[in-house]
$ cat protein37.pdb   # PDB, N, CA and C atoms
ATOM      1  N   ARG A 193      -9.232  -8.168  -4.427  1.00  0.00           N
ATOM      2  CA  ARG A 193      -8.015  -7.435  -4.172  1.00  0.00           C
ATOM      3  C   ARG A 193      -8.060  -6.900  -2.759  1.00  0.00           C
ATOM      4  N   ALA A 194      -7.274  -7.511  -1.935  1.00  0.00           N
ATOM      5  CA  ALA A 194      -7.211  -7.037  -0.559  1.00  0.00           C
ATOM      6  C   ALA A 194      -5.757  -6.843  -0.169  1.00  0.00           C
ATOM      7  N   CYS A 195      -5.540  -5.825   0.578  1.00  0.00           N
ATOM      8  CA  CYS A 195      -4.197  -5.455   1.005  1.00  0.00           C
ATOM      9  C   CYS A 195      -4.355  -4.830   2.380  1.00  0.00           C
ATOM     10  N   PRO A 196      -3.358  -4.967   3.251  1.00  0.00           N
ATOM     11  CA  PRO A 196      -3.497  -4.340   4.575  1.00  0.00           C
ATOM     12  C   PRO A 196      -3.302  -2.826   4.529  1.00  0.00           C
ATOM     13  N   ASN A 197      -3.663  -2.217   3.414  1.00  0.00           N
ATOM     14  CA  ASN A 197      -3.526  -0.784   3.250  1.00  0.00           C
ATOM     15  C   ASN A 197      -4.726  -0.276   2.459  1.00  0.00           C
ATOM     16  N   GLY A 198      -5.509   0.592   3.061  1.00  0.00           N
ATOM     17  CA  GLY A 198      -6.727   1.078   2.434  1.00  0.00           C
ATOM     18  C   GLY A 198      -6.496   1.873   1.163  1.00  0.00           C
ATOM     19  N   THR A 199      -5.457   2.704   1.140  1.00  0.00           N
ATOM     20  CA  THR A 199      -5.175   3.494  -0.054  1.00  0.00           C
ATOM     21  C   THR A 199      -4.861   2.589  -1.235  1.00  0.00           C
ATOM     22  N   ALA A 200      -3.967   1.622  -1.020  1.00  0.00           N
ATOM     23  CA  ALA A 200      -3.583   0.712  -2.107  1.00  0.00           C
ATOM     24  C   ALA A 200      -4.782  -0.093  -2.587  1.00  0.00           C
ATOM     25  N   THR A 201      -5.602  -0.576  -1.670  1.00  0.00           N
ATOM     26  CA  THR A 201      -6.781  -1.349  -2.060  1.00  0.00           C
ATOM     27  C   THR A 201      -7.729  -0.489  -2.889  1.00  0.00           C
ATOM     28  N   PHE A 202      -7.985   0.733  -2.445  1.00  0.00           N
ATOM     29  CA  PHE A 202      -8.873   1.640  -3.180  1.00  0.00           C
ATOM     30  C   PHE A 202      -8.330   1.897  -4.578  1.00  0.00           C
ATOM     31  N   VAL A 203      -7.044   2.234  -4.674  1.00  0.00           N
ATOM     32  CA  VAL A 203      -6.436   2.548  -5.966  1.00  0.00           C
ATOM     33  C   VAL A 203      -6.445   1.324  -6.886  1.00  0.00           C
ATOM     34  N   LEU A 204      -6.103   0.163  -6.355  1.00  0.00           N
ATOM     35  CA  LEU A 204      -6.118  -1.055  -7.175  1.00  0.00           C
ATOM     36  C   LEU A 204      -7.519  -1.363  -7.697  1.00  0.00           C
ATOM     37  N   ASP A 205      -8.532  -1.166  -6.874  1.00  0.00           N
ATOM     38  CA  ASP A 205      -9.911  -1.382  -7.322  1.00  0.00           C
ATOM     39  C   ASP A 205     -10.265  -0.423  -8.462  1.00  0.00           C
ATOM     40  N   ARG A 206      -9.885   0.838  -8.315  1.00  0.00           N
ATOM     41  CA  ARG A 206     -10.163   1.820  -9.362  1.00  0.00           C
ATOM     42  C   ARG A 206      -9.433   1.474 -10.656  1.00  0.00           C
ATOM     43  N   LEU A 207      -8.177   1.042 -10.542  1.00  0.00           N
ATOM     44  CA  LEU A 207      -7.417   0.654 -11.736  1.00  0.00           C
ATOM     45  C   LEU A 207      -8.050  -0.559 -12.408  1.00  0.00           C
ATOM     46  N   ALA A 208      -8.505  -1.523 -11.614  1.00  0.00           N
ATOM     47  CA  ALA A 208      -9.151  -2.717 -12.159  1.00  0.00           C
ATOM     48  C   ALA A 208     -10.446  -2.362 -12.896  1.00  0.00           C
ATOM     49  N   ASP A 209     -11.077  -1.274 -12.480  1.00  0.00           N
ATOM     50  CA  ASP A 209     -12.307  -0.820 -13.131  1.00  0.00           C
ATOM     51  C   ASP A 209     -12.019   0.058 -14.351  1.00  0.00           C
ATOM     52  N   GLY A 210     -10.743   0.206 -14.698  1.00  0.00           N
ATOM     53  CA  GLY A 210     -10.373   0.968 -15.892  1.00  0.00           C
ATOM     54  C   GLY A 210      -9.977   2.402 -15.650  1.00  0.00           C
ATOM     55  N   GLY A 211      -9.907   2.825 -14.401  1.00  0.00           N
ATOM     56  CA  GLY A 211      -9.521   4.199 -14.088  1.00  0.00           C
ATOM     57  C   GLY A 211      -8.026   4.409 -14.229  1.00  0.00           C
ATOM     58  N   THR A 212      -7.627   5.661 -14.201  1.00  0.00           N
ATOM     59  CA  THR A 212      -6.202   5.986 -14.250  1.00  0.00           C
ATOM     60  C   THR A 212      -5.654   6.098 -12.830  1.00  0.00           C
ATOM     61  N   LEU A 213      -4.362   5.972 -12.717  1.00  0.00           N
ATOM     62  CA  LEU A 213      -3.723   6.068 -11.411  1.00  0.00           C
ATOM     63  C   LEU A 213      -3.949   7.441 -10.790  1.00  0.00           C
ATOM     64  N   ASP A 214      -3.732   8.492 -11.574  1.00  0.00           N
ATOM     65  CA  ASP A 214      -3.911   9.844 -11.036  1.00  0.00           C
ATOM     66  C   ASP A 214      -5.344  10.094 -10.577  1.00  0.00           C
ATOM     67  N   ASP A 215      -6.319   9.629 -11.357  1.00  0.00           N
ATOM     68  CA  ASP A 215      -7.719   9.799 -10.957  1.00  0.00           C
ATOM     69  C   ASP A 215      -8.041   9.007  -9.688  1.00  0.00           C
ATOM     70  N   ALA A 216      -7.484   7.804  -9.590  1.00  0.00           N
ATOM     71  CA  ALA A 216      -7.719   6.971  -8.407  1.00  0.00           C
ATOM     72  C   ALA A 216      -7.134   7.619  -7.159  1.00  0.00           C
ATOM     73  N   ILE A 217      -5.938   8.173  -7.275  1.00  0.00           N
ATOM     74  CA  ILE A 217      -5.303   8.846  -6.134  1.00  0.00           C
ATOM     75  C   ILE A 217      -6.106  10.082  -5.746  1.00  0.00           C
ATOM     76  N   ARG A 218      -6.527  10.842  -6.737  1.00  0.00           N
ATOM     77  CA  ARG A 218      -7.326  12.042  -6.471  1.00  0.00           C
ATOM     78  C   ARG A 218      -8.620  11.674  -5.741  1.00  0.00           C
ATOM     79  N   ALA A 219      -9.301  10.622  -6.219  1.00  0.00           N
ATOM     80  CA  ALA A 219     -10.551  10.183  -5.585  1.00  0.00           C
ATOM     81  C   ALA A 219     -10.294   9.704  -4.157  1.00  0.00           C
ATOM     82  N   ALA A 220      -9.191   9.014  -3.941  1.00  0.00           N
ATOM     83  CA  ALA A 220      -8.854   8.530  -2.598  1.00  0.00           C
ATOM     84  C   ALA A 220      -8.601   9.711  -1.657  1.00  0.00           C
ATOM     85  N   ARG A 221      -7.933  10.722  -2.146  1.00  0.00           N
ATOM     86  CA  ARG A 221      -7.694  11.917  -1.327  1.00  0.00           C
ATOM     87  C   ARG A 221      -9.004  12.624  -0.993  1.00  0.00           C
ATOM     88  N   LEU A 222      -9.870  12.757  -1.981  1.00  0.00           N
ATOM     89  CA  LEU A 222     -11.154  13.431  -1.751  1.00  0.00           C
ATOM     90  C   LEU A 222     -11.996  12.707  -0.705  1.00  0.00           C
ATOM     91  N   ARG A 223     -11.863  11.393  -0.624  1.00  0.00           N
ATOM     92  CA  ARG A 223     -12.622  10.596   0.345  1.00  0.00           C
ATOM     93  C   ARG A 223     -11.905  10.493   1.696  1.00  0.00           C
ATOM     94  N   GLY A 224     -10.721  11.095   1.790  1.00  0.00           N
ATOM     95  CA  GLY A 224      -9.972  11.041   3.041  1.00  0.00           C
ATOM     96  C   GLY A 224      -9.268   9.712   3.266  1.00  0.00           C
ATOM     97  N   ILE A 225      -9.122   8.920   2.213  1.00  0.00           N
ATOM     98  CA  ILE A 225      -8.465   7.614   2.325  1.00  0.00           C
ATOM     99  C   ILE A 225      -6.956   7.758   2.175  1.00  0.00           C
ATOM    100  N   ALA A 226      -6.530   8.573   1.214  1.00  0.00           N
ATOM    101  CA  ALA A 226      -5.097   8.735   0.931  1.00  0.00           C
ATOM    102  C   ALA A 226      -4.541   9.963   1.639  1.00  0.00           C
ATOM    103  N   GLU A 227      -3.305   9.843   2.068  1.00  0.00           N
ATOM    104  CA  GLU A 227      -2.606  10.971   2.674  1.00  0.00           C
ATOM    105  C   GLU A 227      -2.176  11.947   1.584  1.00  0.00           C
ATOM    106  N   ALA A 228      -1.716  13.114   1.980  1.00  0.00           N
ATOM    107  CA  ALA A 228      -1.221  14.095   1.010  1.00  0.00           C
ATOM    108  C   ALA A 228      -0.083  13.505   0.188  1.00  0.00           C
ATOM    109  N   ASP A 229       0.786  12.732   0.831  1.00  0.00           N
ATOM    110  CA  ASP A 229       1.865  12.034   0.127  1.00  0.00           C
ATOM    111  C   ASP A 229       1.637  10.532   0.309  1.00  0.00           C
ATOM    112  N   PRO A 230       0.996   9.884  -0.660  1.00  0.00           N
ATOM    113  CA  PRO A 230       0.679   8.464  -0.522  1.00  0.00           C
ATOM    114  C   PRO A 230       1.793   7.528  -0.993  1.00  0.00           C
ATOM    115  N   SER A 231       3.024   8.040  -1.122  1.00  0.00           N
ATOM    116  CA  SER A 231       4.094   7.220  -1.697  1.00  0.00           C
ATOM    117  C   SER A 231       4.383   5.958  -0.891  1.00  0.00           C
ATOM    118  N   ALA A 232       4.319   6.003   0.436  1.00  0.00           N
ATOM    119  CA  ALA A 232       4.552   4.780   1.230  1.00  0.00           C
ATOM    120  C   ALA A 232       3.452   3.755   0.974  1.00  0.00           C
ATOM    121  N   ASP A 233       2.234   4.236   0.775  1.00  0.00           N
ATOM    122  CA  ASP A 233       1.116   3.341   0.480  1.00  0.00           C
ATOM    123  C   ASP A 233       1.264   2.732  -0.909  1.00  0.00           C
ATOM    124  N   LEU A 234       1.578   3.553  -1.896  1.00  0.00           N
ATOM    125  CA  LEU A 234       1.649   3.103  -3.277  1.00  0.00           C
ATOM    126  C   LEU A 234       2.902   2.298  -3.586  1.00  0.00           C
ATOM    127  N   SER A 235       3.953   2.497  -2.796  1.00  0.00           N
ATOM    128  CA  SER A 235       5.188   1.731  -3.006  1.00  0.00           C
ATOM    129  C   SER A 235       5.097   0.333  -2.419  1.00  0.00           C
ATOM    130  N   GLY A 236       4.113   0.103  -1.552  1.00  0.00           N
ATOM    131  CA  GLY A 236       3.977  -1.189  -0.890  1.00  0.00           C
ATOM    132  C   GLY A 236       4.675  -1.246   0.459  1.00  0.00           C
ATOM    133  N   GLU A 237       5.430  -0.218   0.797  1.00  0.00           N
ATOM    134  CA  GLU A 237       6.179  -0.226   2.054  1.00  0.00           C
ATOM    135  C   GLU A 237       5.279  -0.181   3.283  1.00  0.00           C
ATOM    136  N   ASP A 238       4.177   0.529   3.226  1.00  0.00           N
ATOM    137  CA  ASP A 238       3.260   0.572   4.367  1.00  0.00           C
ATOM    138  C   ASP A 238       2.708  -0.824   4.652  1.00  0.00           C
ATOM    139  N   ALA A 239       2.272  -1.513   3.613  1.00  0.00           N
ATOM    140  CA  ALA A 239       1.735  -2.869   3.785  1.00  0.00           C
ATOM    141  C   ALA A 239       2.823  -3.824   4.273  1.00  0.00           C
ATOM    142  N   ALA A 240       4.034  -3.689   3.748  1.00  0.00           N
ATOM    143  CA  ALA A 240       5.135  -4.558   4.165  1.00  0.00           C
ATOM    144  C   ALA A 240       5.465  -4.349   5.644  1.00  0.00           C
ATOM    145  N   THR A 241       5.442  -3.106   6.090  1.00  0.00           N
ATOM    146  CA  THR A 241       5.692  -2.817   7.503  1.00  0.00           C
ATOM    147  C   THR A 241       4.628  -3.464   8.376  1.00  0.00           C
ATOM    148  N   LYS A 242       3.378  -3.395   7.945  1.00  0.00           N
ATOM    149  CA  LYS A 242       2.301  -4.018   8.710  1.00  0.00           C
ATOM    150  C   LYS A 242       2.465  -5.533   8.784  1.00  0.00           C
ATOM    151  N   VAL A 243       2.887  -6.149   7.694  1.00  0.00           N
ATOM    152  CA  VAL A 243       3.114  -7.600   7.693  1.00  0.00           C
ATOM    153  C   VAL A 243       4.244  -7.955   8.656  1.00  0.00           C
ATOM    154  N   ARG A 244       5.311  -7.167   8.659  1.00  0.00           N
ATOM    155  CA  ARG A 244       6.428  -7.409   9.590  1.00  0.00           C
ATOM    156  C   ARG A 244       5.955  -7.324  11.047  1.00  0.00           C
ATOM    157  N   LEU A 245       5.153  -6.304  11.339  1.00  0.00           N
ATOM    158  CA  LEU A 245       4.655  -6.142  12.708  1.00  0.00           C
ATOM    159  C   LEU A 245       3.705  -7.268  13.100  1.00  0.00           C
ATOM    160  N   LEU A 246       2.863  -7.710  12.174  1.00  0.00           N
ATOM    161  CA  LEU A 246       1.968  -8.831  12.463  1.00  0.00           C
ATOM    162  C   LEU A 246       2.754 -10.112  12.723  1.00  0.00           C
ATOM    163  N   ALA A 247       3.816 -10.345  11.954  1.00  0.00           N
ATOM    164  CA  ALA A 247       4.661 -11.518  12.175  1.00  0.00           C
ATOM    165  C   ALA A 247       5.317 -11.441  13.553  1.00  0.00           C
ATOM    166  N   ALA A 248       5.723 -10.251  13.949  1.00  0.00           N
ATOM    167  CA  ALA A 248       6.338 -10.076  15.268  1.00  0.00           C
ATOM    168  C   ALA A 248       5.332 -10.383  16.371  1.00  0.00           C
ATOM    169  N   LEU A 249       4.113  -9.897  16.207  1.00  0.00           N
ATOM    170  CA  LEU A 249       3.086 -10.136  17.220  1.00  0.00           C
ATOM    171  C   LEU A 249       2.642 -11.598  17.253  1.00  0.00           C
ATOM    172  N   ALA A 250       2.489 -12.190  16.080  1.00  0.00           N
ATOM    173  CA  ALA A 250       1.975 -13.565  16.012  1.00  0.00           C
ATOM    174  C   ALA A 250       3.003 -14.605  16.428  1.00  0.00           C
ATOM    175  N   TRP A 251       4.239 -14.428  15.987  1.00  0.00           N
ATOM    176  CA  TRP A 251       5.239 -15.475  16.215  1.00  0.00           C
ATOM    177  C   TRP A 251       6.452 -15.019  17.004  1.00  0.00           C
ATOM    178  N   GLY A 252       6.456 -13.764  17.438  1.00  0.00           N
ATOM    179  CA  GLY A 252       7.571 -13.271  18.234  1.00  0.00           C
ATOM    180  C   GLY A 252       8.838 -13.030  17.425  1.00  0.00           C
ATOM    181  N   TRP A 253       8.712 -12.928  16.131  1.00  0.00           N
ATOM    182  CA  TRP A 253       9.882 -12.697  15.283  1.00  0.00           C
ATOM    183  C   TRP A 253      10.356 -11.255  15.402  1.00  0.00           C
ATOM    184  N   ASP A 254      11.612 -11.043  15.147  1.00  0.00           N
ATOM    185  CA  ASP A 254      12.189  -9.704  15.096  1.00  0.00           C
ATOM    186  C   ASP A 254      11.732  -9.059  13.783  1.00  0.00           C
ATOM    187  N   PRO A 255      10.957  -7.976  13.842  1.00  0.00           N
ATOM    188  CA  PRO A 255      10.443  -7.372  12.611  1.00  0.00           C
ATOM    189  C   PRO A 255      11.534  -6.985  11.614  1.00  0.00           C
ATOM    190  N   SER A 256      12.701  -6.621  12.126  1.00  0.00           N
ATOM    191  CA  SER A 256      13.783  -6.213  11.216  1.00  0.00           C
ATOM    192  C   SER A 256      14.338  -7.389  10.421  1.00  0.00           C
ATOM    193  N   GLU A 257      14.031  -8.614  10.853  1.00  0.00           N
ATOM    194  CA  GLU A 257      14.530  -9.794  10.148  1.00  0.00           C
ATOM    195  C   GLU A 257      13.469 -10.467   9.278  1.00  0.00           C
ATOM    196  N   VAL A 258      12.245  -9.960   9.299  1.00  0.00           N
ATOM    197  CA  VAL A 258      11.176 -10.517   8.466  1.00  0.00           C
ATOM    198  C   VAL A 258      11.336  -9.946   7.072  1.00  0.00           C
ATOM    199  N   ARG A 259      11.531 -10.827   6.104  1.00  0.00           N
ATOM    200  CA  ARG A 259      11.719 -10.384   4.709  1.00  0.00           C
ATOM    201  C   ARG A 259      10.364 -10.356   4.006  1.00  0.00           C
ATOM    202  N   VAL A 260      10.029  -9.193   3.494  1.00  0.00           N
ATOM    203  CA  VAL A 260       8.771  -9.006   2.773  1.00  0.00           C
ATOM    204  C   VAL A 260       9.091  -8.290   1.466  1.00  0.00           C
ATOM    205  N   ARG A 261       8.582  -8.832   0.374  1.00  0.00           N
ATOM    206  CA  ARG A 261       8.786  -8.172  -0.918  1.00  0.00           C
ATOM    207  C   ARG A 261       7.619  -7.215  -1.152  1.00  0.00           C
ATOM    208  N   ALA A 262       7.944  -5.958  -1.278  1.00  0.00           N
ATOM    209  CA  ALA A 262       6.926  -4.940  -1.542  1.00  0.00           C
ATOM    210  C   ALA A 262       6.931  -4.615  -3.031  1.00  0.00           C
ATOM    211  N   GLU A 263       5.739  -4.584  -3.612  1.00  0.00           N
ATOM    212  CA  GLU A 263       5.609  -4.224  -5.014  1.00  0.00           C
ATOM    213  C   GLU A 263       4.761  -2.973  -5.141  1.00  0.00           C
ATOM    214  N   PRO A 264       5.251  -1.983  -5.864  1.00  0.00           N
ATOM    215  CA  PRO A 264       4.496  -0.742  -6.007  1.00  0.00           C
ATOM    216  C   PRO A 264       3.234  -0.921  -6.826  1.00  0.00           C
ATOM    217  N   VAL A 265       2.229  -0.150  -6.526  1.00  0.00           N
ATOM    218  CA  VAL A 265       0.951  -0.195  -7.226  1.00  0.00           C
ATOM    219  C   VAL A 265       1.136   0.167  -8.696  1.00  0.00           C
ATOM    220  N   ASP A 266       1.937   1.182  -8.964  1.00  0.00           N
ATOM    221  CA  ASP A 266       2.055   1.702 -10.333  1.00  0.00           C
ATOM    222  C   ASP A 266       3.317   1.226 -11.061  1.00  0.00           C
ATOM    223  N   GLY A 267       4.023   0.246 -10.510  1.00  0.00           N
ATOM    224  CA  GLY A 267       5.230  -0.244 -11.165  1.00  0.00           C
ATOM    225  C   GLY A 267       6.449   0.624 -10.919  1.00  0.00           C
ATOM    226  N   ALA A 268       6.286   1.682 -10.171  1.00  0.00           N
ATOM    227  CA  ALA A 268       7.394   2.581  -9.847  1.00  0.00           C
ATOM    228  C   ALA A 268       7.117   3.200  -8.493  1.00  0.00           C
ATOM    229  N   THR A 269       8.165   3.570  -7.811  1.00  0.00           N
ATOM    230  CA  THR A 269       7.996   4.214  -6.518  1.00  0.00           C
ATOM    231  C   THR A 269       8.066   5.711  -6.729  1.00  0.00           C
ATOM    232  N   ALA A 270       6.906   6.306  -6.838  1.00  0.00           N
ATOM    233  CA  ALA A 270       6.867   7.753  -7.082  1.00  0.00           C
ATOM    234  C   ALA A 270       5.831   8.386  -6.165  1.00  0.00           C
ATOM    235  N   GLY A 271       6.208   9.443  -5.494  1.00  0.00           N
ATOM    236  CA  GLY A 271       5.260  10.203  -4.694  1.00  0.00           C
ATOM    237  C   GLY A 271       4.387  11.020  -5.627  1.00  0.00           C
ATOM    238  N   ARG A 272       3.110  11.066  -5.337  1.00  0.00           N
ATOM    239  CA  ARG A 272       2.192  11.826  -6.201  1.00  0.00           C
ATOM    240  C   ARG A 272       1.397  12.777  -5.360  1.00  0.00           C
TER     241      ARG A 272
END
$ encode --input "protein37.pdb" --output "structure tokens"
Amino acid sequence: RACPNGTATFVLDRLADGGTLDDAIRAARLRGIAEADPSADLSGEDAATKVRLLAALAWGWDPSEVRVRAEPVDGATAGR
């Protein structure tokens, strides 16, 4: 499980190991991985923005025209 976002990768690893979402977020915060409001990370928008910027750098595309489907870690976009 790799994602261009450290918070999402950490949380997904914890969930895969049987942990709960809230516990994974709490652990990520304690380690300084997650921000106080990790909603952009957990919604997939942070990773999608990074993909758009990489496409712009690699191929000169307009980032606003790069279509990326973002999927939330927890199936919903909720700030925690």
$ resolve_selection --input "protein37.pdb" --expression "the PyMOL selection byres (((chain A and resi 203-214 and name CA) around 10) and name CA)" --output "list in words"
Arg193, Ala194, Cys195, Gly198, Thr199, Ala200, Thr201, Phe202, Asp215, Ala216, Ile217, Arg218, Ala219, Ala220, Ile225, Ala226, Asp233, Leu234, Val265, Asp266 and Arg272 of chain A
$ residues_around --input "protein37.pdb" --residues "A:Trp253" --least-positions-apart "6" --cutoff "8 Å" --atoms "only N, CA and C atoms" --output "ChimeraX atom specification"
/A:244,246-247
$ write_last_selection --input "protein37.pdb" --atoms "N, CA and C atoms" --output "short mmCIF file (atom, residue, chain, number, x, y, z; two decimals), keeping the file's coordinate frame"
data_model
loop_
_atom_site.label_atom_id
_atom_site.label_comp_id
_atom_site.auth_asym_id
_atom_site.auth_seq_id
_atom_site.Cartn_x
_atom_site.Cartn_y
_atom_site.Cartn_z
N ARG A 244 5.31 -7.17 8.66
CA ARG A 244 6.43 -7.41 9.59
C ARG A 244 5.96 -7.32 11.05
N LEU A 246 2.86 -7.71 12.17
CA LEU A 246 1.97 -8.83 12.46
C LEU A 246 2.75 -10.11 12.72
N ALA A 247 3.82 -10.34 11.95
CA ALA A 247 4.66 -11.52 12.18
C ALA A 247 5.32 -11.44 13.55
#
$ residues_around --input "protein37.pdb" --residues "A:Glu263" --least-positions-apart "2" --cutoff "5 Å" --atoms "all atoms listed in the file" --output "ChimeraX atom specification"
/A:235-236,261,265
$ closest_residue --input "protein37.pdb" --among "A:Gly224, A:Pro264, A:Gly252, A:Arg259" --to "A:Glu237" --atoms "all atoms listed in the file"
A:Pro264
$ axis_aligned_box --input "protein37.pdb" --around "stretch 246-259 of chain A" --padding-each-side "5 Å" --output "AutoDock Vina command-line options"
--center_x 8.2 --center_y -10.8 --center_z 11.1 --size_x 22.6 --size_y 19.3 --size_z 24.2
$ closest_residue --input "protein37.pdb" --among "A:Asp238, A:Pro196, A:Ser231, A:Leu245" --to "A:Val258" --atoms "all atoms listed in the file"
A:Leu245
$ atom_distance --input "protein37.pdb" --atom1 "atom CA of A:Lys242" --atom2 "atom C of A:Ala262"
12.6 Å
$ atom_distance --input "protein37.pdb" --atom1 "atom CA of A:Ala239" --atom2 "atom CA of A:Leu222"
21.5 Å
$ atom_distance --input "protein37.pdb" --atom1 "atom C of A:Pro230" --atom2 "atom N of A:Asn197"
12.0 Å
$ select_by_dssp --input "protein37.pdb" --residues "chain A" --states "helix (DSSP H, G or I)" --output "PyMOL selection string"
chain A and resi 198-208+213-222+231-235+237-251+255-257
$ decode --input "protein37.pdb" --residues "stretch 217-264 of chain A" --atoms "C-alpha atoms" --output "PDB file, in the first residue's frame"
ATOM      1  CA  ILE A 217      -5.453   8.653  13.103  1.00  0.00           C
ATOM      2  CA  ARG A 218      -4.579   9.105  16.770  1.00  0.00           C
ATOM      3  CA  ALA A 219      -1.344   7.111  16.323  1.00  0.00           C
ATOM      4  CA  ALA A 220      -0.455   9.127  13.212  1.00  0.00           C
ATOM      5  CA  ARG A 221      -0.944  12.375  15.122  1.00  0.00           C
ATOM      6  CA  LEU A 222       1.170  11.155  18.036  1.00  0.00           C
ATOM      7  CA  ARG A 223       4.005  10.351  15.606  1.00  0.00           C
ATOM      8  CA  GLY A 224       3.715  13.757  13.933  1.00  0.00           C
ATOM      9  CA  ILE A 225       2.574  12.204  10.645  1.00  0.00           C
ATOM     10  CA  ALA A 226      -1.001  13.531  10.581  1.00  0.00           C
ATOM     11  CA  GLU A 227      -2.028  17.156  10.792  1.00  0.00           C
ATOM     12  CA  ALA A 228      -4.558  18.368  13.356  1.00  0.00           C
ATOM     13  CA  ASP A 229      -7.170  18.216  10.581  1.00  0.00           C
ATOM     14  CA  PRO A 230      -6.233  15.283   8.322  1.00  0.00           C
ATOM     15  CA  SER A 231      -9.388  15.528   6.184  1.00  0.00           C
ATOM     16  CA  ALA A 232      -7.507  16.466   2.973  1.00  0.00           C
ATOM     17  CA  ASP A 233      -5.233  13.470   3.510  1.00  0.00           C
ATOM     18  CA  LEU A 234      -8.042  11.039   4.323  1.00  0.00           C
ATOM     19  CA  SER A 235     -10.334  12.268   1.545  1.00  0.00           C
ATOM     20  CA  GLY A 236      -7.668  11.561  -1.074  1.00  0.00           C
ATOM     21  CA  GLU A 237      -7.530  15.188  -2.200  1.00  0.00           C
ATOM     22  CA  ASP A 238      -3.946  15.733  -1.028  1.00  0.00           C
ATOM     23  CA  ALA A 239      -2.730  12.746  -3.053  1.00  0.00           C
ATOM     24  CA  ALA A 240      -4.805  13.811  -6.072  1.00  0.00           C
ATOM     25  CA  THR A 241      -3.282  17.297  -5.962  1.00  0.00           C
ATOM     26  CA  LYS A 242       0.199  15.789  -5.892  1.00  0.00           C
ATOM     27  CA  VAL A 243      -0.598  13.599  -8.908  1.00  0.00           C
ATOM     28  CA  ARG A 244      -1.872  16.657 -10.818  1.00  0.00           C
ATOM     29  CA  LEU A 245       1.315  18.575 -10.018  1.00  0.00           C
ATOM     30  CA  LEU A 246       3.521  15.636 -11.020  1.00  0.00           C
ATOM     31  CA  ALA A 247       1.673  15.361 -14.346  1.00  0.00           C
ATOM     32  CA  ALA A 248       2.238  19.082 -14.892  1.00  0.00           C
ATOM     33  CA  LEU A 249       5.948  18.758 -14.174  1.00  0.00           C
ATOM     34  CA  ALA A 250       6.447  15.556 -16.162  1.00  0.00           C
ATOM     35  CA  TRP A 251       4.388  16.315 -19.248  1.00  0.00           C
ATOM     36  CA  GLY A 252       3.664  20.033 -19.086  1.00  0.00           C
ATOM     37  CA  TRP A 253      -0.059  19.475 -18.633  1.00  0.00           C
ATOM     38  CA  ASP A 254      -2.303  22.090 -17.070  1.00  0.00           C
ATOM     39  CA  PRO A 255      -2.918  20.753 -13.533  1.00  0.00           C
ATOM     40  CA  SER A 256      -6.477  22.085 -13.554  1.00  0.00           C
ATOM     41  CA  GLU A 257      -7.258  19.828 -16.525  1.00  0.00           C
ATOM     42  CA  VAL A 258      -5.745  16.615 -15.114  1.00  0.00           C
ATOM     43  CA  ARG A 259      -8.611  14.388 -13.995  1.00  0.00           C
ATOM     44  CA  VAL A 260      -7.844  12.318 -10.918  1.00  0.00           C
ATOM     45  CA  ARG A 261     -10.365  10.243  -9.004  1.00  0.00           C
ATOM     46  CA  ALA A 262      -9.804  10.600  -5.281  1.00  0.00           C
ATOM     47  CA  GLU A 263     -11.169   7.946  -2.959  1.00  0.00           C
ATOM     48  CA  PRO A 264     -11.440   8.557   0.769  1.00  0.00           C
TER      49      PRO A 264
END
